[in-house]
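Structure first, then comments.
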Amino acid sequence: MKPWMAVLVGVGACGAGGPFRGDVCRLPSAPVVVAPPRERAPRTRNVVLVTIDGVRWQELFGGVDAARAHGLPCGDAAALTPNLHALGRLGVAVGNHGAPVVSSGPKFVSLPGYREIISGRADAACTDNDCGDIDRPTLLDELRAGQALQPGELAVIASWEKIARASALESRGVTVSAGRHAGAGRERLRVSARAAQLLDEGARGKARPGYGDYRPDRFTAPLAREYLRAERPRFLWVALGDTDEYAHRGDYAGYLDALRSADRTVGELWETLGELGRYGEETTLIVTADHGRADSFTDHGEAPESSRVWLVAAGGAVPRAGEREAAHTVHLADIAPTLRALLGLPADENRDAGTPIAELLEPAPAVIVSR
Ligand SMILES: [Zn+2]
């Protein structure tokens with residue numbers, strides 16, 4: 001093993017006989033390896049955005065909630081989500097110390113949160129998951145309009161079918177596969193035999209842990225990795241959702257399992273970027289959530305505490321600063337302006353637009369945790 005191969009920790013320490021029936025401690029004990037740390041690239045040319053639905057900042061930074069998981073091993077935050085923590089060390093993590101990272105609301109549910117992330121504007125008129133097709137340009141619209149892109153260079157691969165309505169104002173030129181059947185251009189996901197198999201098996205499979213046309217993350221995540229490797233997109237949005245589905249069922253062990261799997265997906269996407277040469281070096285991987293959870297854990301939406309989320313990013317022009325204390329409250333609407341700045345796109349002059357997140361752009365780090 002070469003010295004730069006960062007072996008992530010904790011999985012092997014789990015006991016198999018814990019009180020939980022979940023898979024948290026039954027994930028493979030082989031260490032997950034992330035790509036070698038790279039010198040800061042001169043620019044961000046590509047973006048991989050990963051959203052993990054309804055994951056609380058409490059688990060990301062505090063680990064397993066002891067009040068809900070008596071005696072569960074793997075309780076430490078870095079052991080629960082080793083890849084997200086490794087990514088934060090290679091780049092920037094915000095949402096723990098200092099000002100919080102929040103969804104703007106007024107209702108802290110998925111579709112408004114995703115619309116806020118991808119458009120860079122808070123959307124007070126969208127207050128539930130039935131608010132229709134997005135009515136404002138998104139980052140994908142802007143990238144398609146401003147650049148000579150090949151088909152397949154903009155893609156959205158999502159477990160939840162309604163993300164098809166939050167992706168782009170104009171679906172032409174954007175490859176979207178959301179849920180088991182929704183999305184324009186989903187046939188373009190047949191980039192390999194494995195991808196075609198995943199697309200078909202996902203379409204035939206059951207929605208559980210979701211409902212309706214939901215496609216479980218076990219199809220969405222490897223499909224996204226296949227697509228990334230084959231197409232090297234300029235912008236890829238991977239939207240995972242099992243965490244929120246288990247949480248709504250009140251299944252904390254299932255939620256943790258899904259979070260562990262999502263964390264592993266983040267590590268695998270980073271690993272894939274490490275295999276893709278200059279493309280990978282010029283790609284920023286950014287990970288966040290659409291909303292948090294109420295104190296009840298199973299719910300969110302009305303409760304103000306469910307506004308709080310988190311943000312981790314690394315690669316491309318993102319500085320290597322570790323966990324940072326945000327000076328000002330970061331809103332989900334600030335993510336797209338930050339990506340615009342990283343990609344060299346003009347700022348959104350709309351008065352509802354967010355502002356770039358200084359902590360992801362400043363070269364001078366204010367490191368408060370550096371392991
Ligand atoms: Zn939900």
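By order of appearance in the structure tokens: chains A, B, ..., then residues from 1 within every chain, and ligands from 1 in the order shown.
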
Selection as a PyMOL selection string: residues within 9 Å of ligand 1 by only C-alpha atoms and all ligand atoms: chain A and resi 53-54+108-110+241+243-245+247-248+291-293+298-301

Using N, CA and C atoms, can you write the selected residues to a file as a CSV table (one decimal), in the first residue's frame?
chain,number,residue,atom,x,y,z
A,53,ASP,N,-30.9,12.6,1.5
A,53,ASP,CA,-32.2,13.2,1.9
A,53,ASP,C,-32.4,13.1,3.4
A,54,GLY,N,-32.6,14.3,4.0
A,54,GLY,CA,-33.0,14.3,5.4
A,54,GLY,C,-32.0,13.8,6.4
A,108,PHE,N,-39.7,23.0,5.8
A,108,PHE,CA,-38.4,22.3,5.6
A,108,PHE,C,-38.7,20.9,5.1
A,109,VAL,N,-39.1,20.8,3.8
A,109,VAL,CA,-39.3,19.5,3.1
A,109,VAL,C,-38.5,19.4,1.9
A,110,SER,N,-38.6,18.3,1.2
A,110,SER,CA,-37.6,18.0,0.2
A,110,SER,C,-37.7,18.8,-1.1
A,241,GLY,N,-31.9,8.8,-1.3
A,241,GLY,CA,-33.1,9.2,-0.5
A,241,GLY,C,-33.4,8.2,0.5
A,243,THR,N,-32.3,7.3,3.3
A,243,THR,CA,-32.2,7.8,4.7
A,243,THR,C,-33.5,8.4,5.2
A,244,ASP,N,-34.1,9.3,4.4
A,244,ASP,CA,-35.4,9.9,4.8
A,244,ASP,C,-36.5,8.9,4.8
A,245,GLU,N,-36.5,8.0,3.9
A,245,GLU,CA,-37.6,7.0,3.9
A,245,GLU,C,-37.6,6.2,5.2
A,247,ALA,N,-36.2,7.1,8.0
A,247,ALA,CA,-36.5,8.0,9.1
A,247,ALA,C,-38.0,8.2,9.3
A,248,HIS,N,-38.7,8.3,8.2
A,248,HIS,CA,-40.2,8.5,8.3
A,248,HIS,C,-40.9,7.2,8.8
A,291,HIS,N,-32.9,18.9,4.0
A,291,HIS,CA,-33.5,19.4,5.2
A,291,HIS,C,-32.9,18.5,6.3
A,292,GLY,N,-33.2,18.9,7.6
A,292,GLY,CA,-32.8,18.1,8.7
A,292,GLY,C,-34.0,17.4,9.2
A,293,ARG,N,-34.1,17.2,10.6
A,293,ARG,CA,-35.2,16.5,11.1
A,293,ARG,C,-35.7,17.2,12.4
A,298,THR,N,-38.7,11.4,13.3
A,298,THR,CA,-39.4,10.8,12.2
A,298,THR,C,-39.9,11.9,11.3
A,299,ASP,N,-40.2,13.1,11.8
A,299,ASP,CA,-40.8,14.2,11.0
A,299,ASP,C,-39.8,15.3,10.7
A,300,HIS,N,-40.3,16.2,9.8
A,300,HIS,CA,-39.6,17.5,9.5
A,300,HIS,C,-40.7,18.3,8.8
A,301,GLY,N,-40.3,19.5,8.4
A,301,GLY,CA,-41.3,20.3,7.7
A,301,GLY,C,-41.7,21.6,8.5

Counting only C-alpha atoms, the residue of A:Glu362, A:Ala317, A:Ala207, A:Trp310 that sits nearest A:Ala99: A:Trp310

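Here the question is which of A:Asp76, A:Glu226, A:Asp290, A:Asp348 gets nearest to A:Arg115 using only C-alpha atoms, and that residue is A:Asp290.
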
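Backbone DSSP of stretch 36-103 of chain A yields alpha helix (DSSP H) at Trp57, Gln58, Glu59, Leu60, Phe61, Gly62, Ala77, Ala78, Ala79, Leu80, Pro82, Asn83, Leu84, His85, Ala86, Leu87, Gly88, Arg89 and Leu90 of chain A.
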
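Counting only C-alpha atoms, the residue from A:Ala69, A:Ala314, A:Ala148, A:Ala258 that sits nearest to A:His85 is A:Ala314.
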
Nearest candidate to A:Tyr246 (options A:Asp217, A:Asp141, A:Glu281, A:Glu359; using only C-alpha atoms): A:Asp217

9 Å contact set for stretch 165-175 of chain A, only C-alpha atoms, chain neighbours under 3 positions out, as number ranges by chain: A: 111-112, 114-115, 118-119, 132-141, 144, 149-157, 161-162, 183-189, 237

Selection export as a tab-separated table (two decimals), in the first residue's frame, atoms kept: N, CA, C and O atoms:
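selection_29.tsv written:
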chain	number	residue	atom	x	y	z
A	111	LEU	N	-38.83	18.93	-1.69
A	111	LEU	CA	-38.85	19.61	-2.99
A	111	LEU	C	-38.42	21.08	-2.88
A	111	LEU	O	-37.60	21.53	-3.69
A	112	PRO	N	-38.91	21.84	-1.88
A	112	PRO	CA	-38.38	23.20	-1.73
A	112	PRO	C	-36.87	23.22	-1.49
A	112	PRO	O	-36.15	24.08	-2.01
A	114	TYR	N	-34.57	21.00	-2.47
A	114	TYR	CA	-33.84	20.69	-3.70
A	114	TYR	C	-33.91	21.84	-4.70
A	114	TYR	O	-32.93	22.16	-5.39
A	115	ARG	N	-35.08	22.46	-4.79
A	115	ARG	CA	-35.20	23.62	-5.70
A	115	ARG	C	-34.27	24.74	-5.26
A	115	ARG	O	-33.67	25.44	-6.10
A	118	ILE	N	-30.53	23.69	-6.24
A	118	ILE	CA	-30.14	23.63	-7.65
A	118	ILE	C	-30.36	24.96	-8.38
A	118	ILE	O	-29.70	25.25	-9.37
A	119	SER	N	-31.28	25.80	-7.85
A	119	SER	CA	-31.51	27.09	-8.51
A	119	SER	C	-30.71	28.22	-7.86
A	119	SER	O	-30.48	29.26	-8.47
A	132	GLY	N	-45.13	21.35	-8.06
A	132	GLY	CA	-45.04	21.41	-9.51
A	132	GLY	C	-43.64	21.53	-10.05
A	132	GLY	O	-42.64	21.49	-9.32
A	133	ASP	N	-43.57	21.72	-11.38
A	133	ASP	CA	-42.27	21.83	-12.03
A	133	ASP	C	-41.57	23.11	-11.62
A	133	ASP	O	-42.22	24.13	-11.37
A	134	ILE	N	-40.27	23.06	-11.58
A	134	ILE	CA	-39.51	24.25	-11.20
A	134	ILE	C	-39.77	25.38	-12.21
A	134	ILE	O	-39.93	25.13	-13.41
A	135	ASP	N	-39.86	26.60	-11.69
A	135	ASP	CA	-40.25	27.73	-12.53
A	135	ASP	C	-39.15	28.77	-12.68
A	135	ASP	O	-39.40	29.93	-12.97
A	136	ARG	N	-37.94	28.36	-12.43
A	136	ARG	CA	-36.80	29.28	-12.53
A	136	ARG	C	-35.60	28.51	-13.03
A	136	ARG	O	-35.53	27.29	-12.85
A	137	PRO	N	-34.67	29.20	-13.70
A	137	PRO	CA	-33.51	28.46	-14.24
A	137	PRO	C	-32.66	27.87	-13.13
A	137	PRO	O	-32.56	28.44	-12.03
A	138	THR	N	-32.07	26.74	-13.41
A	138	THR	CA	-31.18	26.08	-12.46
A	138	THR	C	-29.75	26.12	-13.00
A	138	THR	O	-29.50	26.57	-14.11
A	139	LEU	N	-28.84	25.63	-12.19
A	139	LEU	CA	-27.45	25.54	-12.64
A	139	LEU	C	-27.34	24.74	-13.94
A	139	LEU	O	-26.51	25.04	-14.80
A	140	LEU	N	-28.17	23.72	-14.08
A	140	LEU	CA	-28.12	22.91	-15.29
A	140	LEU	C	-28.56	23.72	-16.50
A	140	LEU	O	-27.97	23.63	-17.58
A	141	ASP	N	-29.60	24.54	-16.34
A	141	ASP	CA	-30.02	25.42	-17.44
A	141	ASP	C	-28.89	26.36	-17.82
A	141	ASP	O	-28.62	26.60	-18.99
A	144	ARG	N	-26.06	24.57	-19.64
A	144	ARG	CA	-26.42	24.20	-21.00
A	144	ARG	C	-26.44	25.42	-21.91
A	144	ARG	O	-25.99	25.36	-23.05
A	149	LEU	N	-21.95	22.02	-24.92
A	149	LEU	CA	-21.84	20.73	-24.25
A	149	LEU	C	-22.32	19.61	-25.16
A	149	LEU	O	-23.21	19.79	-25.98
A	150	GLN	N	-21.72	18.47	-24.96
A	150	GLN	CA	-22.16	17.27	-25.67
A	150	GLN	C	-23.35	16.66	-24.91
A	150	GLN	O	-23.48	16.84	-23.69
A	151	PRO	N	-24.18	15.90	-25.61
A	151	PRO	CA	-25.25	15.18	-24.90
A	151	PRO	C	-24.65	14.30	-23.81
A	151	PRO	O	-23.63	13.66	-24.01
A	152	GLY	N	-25.28	14.31	-22.68
A	152	GLY	CA	-24.81	13.47	-21.59
A	152	GLY	C	-23.91	14.19	-20.61
A	152	GLY	O	-23.58	13.65	-19.55
A	153	GLU	N	-23.50	15.42	-20.91
A	153	GLU	CA	-22.58	16.13	-20.01
A	153	GLU	C	-23.28	16.73	-18.79
A	153	GLU	O	-22.61	17.19	-17.87
A	154	LEU	N	-24.61	16.79	-18.82
A	154	LEU	CA	-25.38	17.25	-17.66
A	154	LEU	C	-26.32	16.11	-17.28
A	154	LEU	O	-27.08	15.62	-18.11
A	155	ALA	N	-26.25	15.68	-16.04
A	155	ALA	CA	-27.04	14.51	-15.67
A	155	ALA	C	-27.54	14.61	-14.23
A	155	ALA	O	-26.86	15.15	-13.36
A	156	VAL	N	-28.73	14.07	-14.03
A	156	VAL	CA	-29.34	13.97	-12.71
A	156	VAL	C	-29.78	12.52	-12.53
A	156	VAL	O	-30.57	12.01	-13.32
A	157	ILE	N	-29.26	11.87	-11.50
A	157	ILE	CA	-29.60	10.47	-11.24
A	157	ILE	C	-30.10	10.40	-9.80
A	157	ILE	O	-29.35	10.65	-8.86
A	161	GLU	N	-38.55	10.12	-7.46
A	161	GLU	CA	-39.03	10.49	-8.79
A	161	GLU	C	-39.31	11.98	-8.94
A	161	GLU	O	-39.17	12.55	-10.02
A	162	LYS	N	-39.66	12.65	-7.83
A	162	LYS	CA	-40.05	14.07	-7.97
A	162	LYS	C	-38.85	14.98	-8.23
A	162	LYS	O	-39.03	16.16	-8.56
A	183	GLY	N	-38.09	10.89	-15.78
A	183	GLY	CA	-36.91	11.61	-16.22
A	183	GLY	C	-36.68	11.58	-17.72
A	183	GLY	O	-36.79	10.53	-18.36
A	184	ALA	N	-36.36	12.75	-18.25
A	184	ALA	CA	-36.09	12.86	-19.68
A	184	ALA	C	-34.70	12.31	-19.99
A	184	ALA	O	-33.75	12.59	-19.28
A	185	GLY	N	-34.63	11.54	-21.04
A	185	GLY	CA	-33.32	11.05	-21.48
A	185	GLY	C	-32.77	9.93	-20.62
A	185	GLY	O	-31.58	9.64	-20.65
A	186	ARG	N	-33.64	9.27	-19.84
A	186	ARG	CA	-33.13	8.21	-18.97
A	186	ARG	C	-32.48	7.07	-19.76
A	186	ARG	O	-31.59	6.39	-19.25
A	187	GLU	N	-32.89	6.90	-21.01
A	187	GLU	CA	-32.28	5.84	-21.82
A	187	GLU	C	-30.79	6.10	-22.07
A	187	GLU	O	-30.03	5.19	-22.39
A	188	ARG	N	-30.38	7.35	-21.92
A	188	ARG	CA	-28.95	7.66	-22.10
A	188	ARG	C	-28.10	7.12	-20.95
A	188	ARG	O	-26.88	7.20	-21.00
A	189	LEU	N	-28.76	6.59	-19.94
A	189	LEU	CA	-27.99	6.01	-18.84
A	189	LEU	C	-27.44	4.63	-19.16
A	189	LEU	O	-26.69	4.07	-18.37
A	237	TRP	N	-25.64	15.34	-10.74
A	237	TRP	CA	-26.32	15.41	-9.45
A	237	TRP	C	-26.80	14.02	-9.09
A	237	TRP	O	-27.61	13.43	-9.82

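Between A:Pro82 and the residues A:Arg190, A:His181, A:Arg340, A:Arg264, the shortest atom-to-atom distance, using only C-alpha atoms, involves A:Arg264.
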
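Residue nearest A:Ala158 within the list A:Gln197, A:Gln58, A:Ser192, A:Thr51: A:Thr51 [criterion: smallest interatomic distance, only C-alpha atoms].
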
Long-range neighbours of A:Val50 as a PyMOL selection string, 9 Å cut-off, only C-alpha atoms, 6 positions minimum in chain: chain A and resi 236-240+266+285-289

Residues flagged strand (DSSP E or B) by DSSP in stretch 192-245 of chain A, as a ChimeraX atom specification: /A:235-240
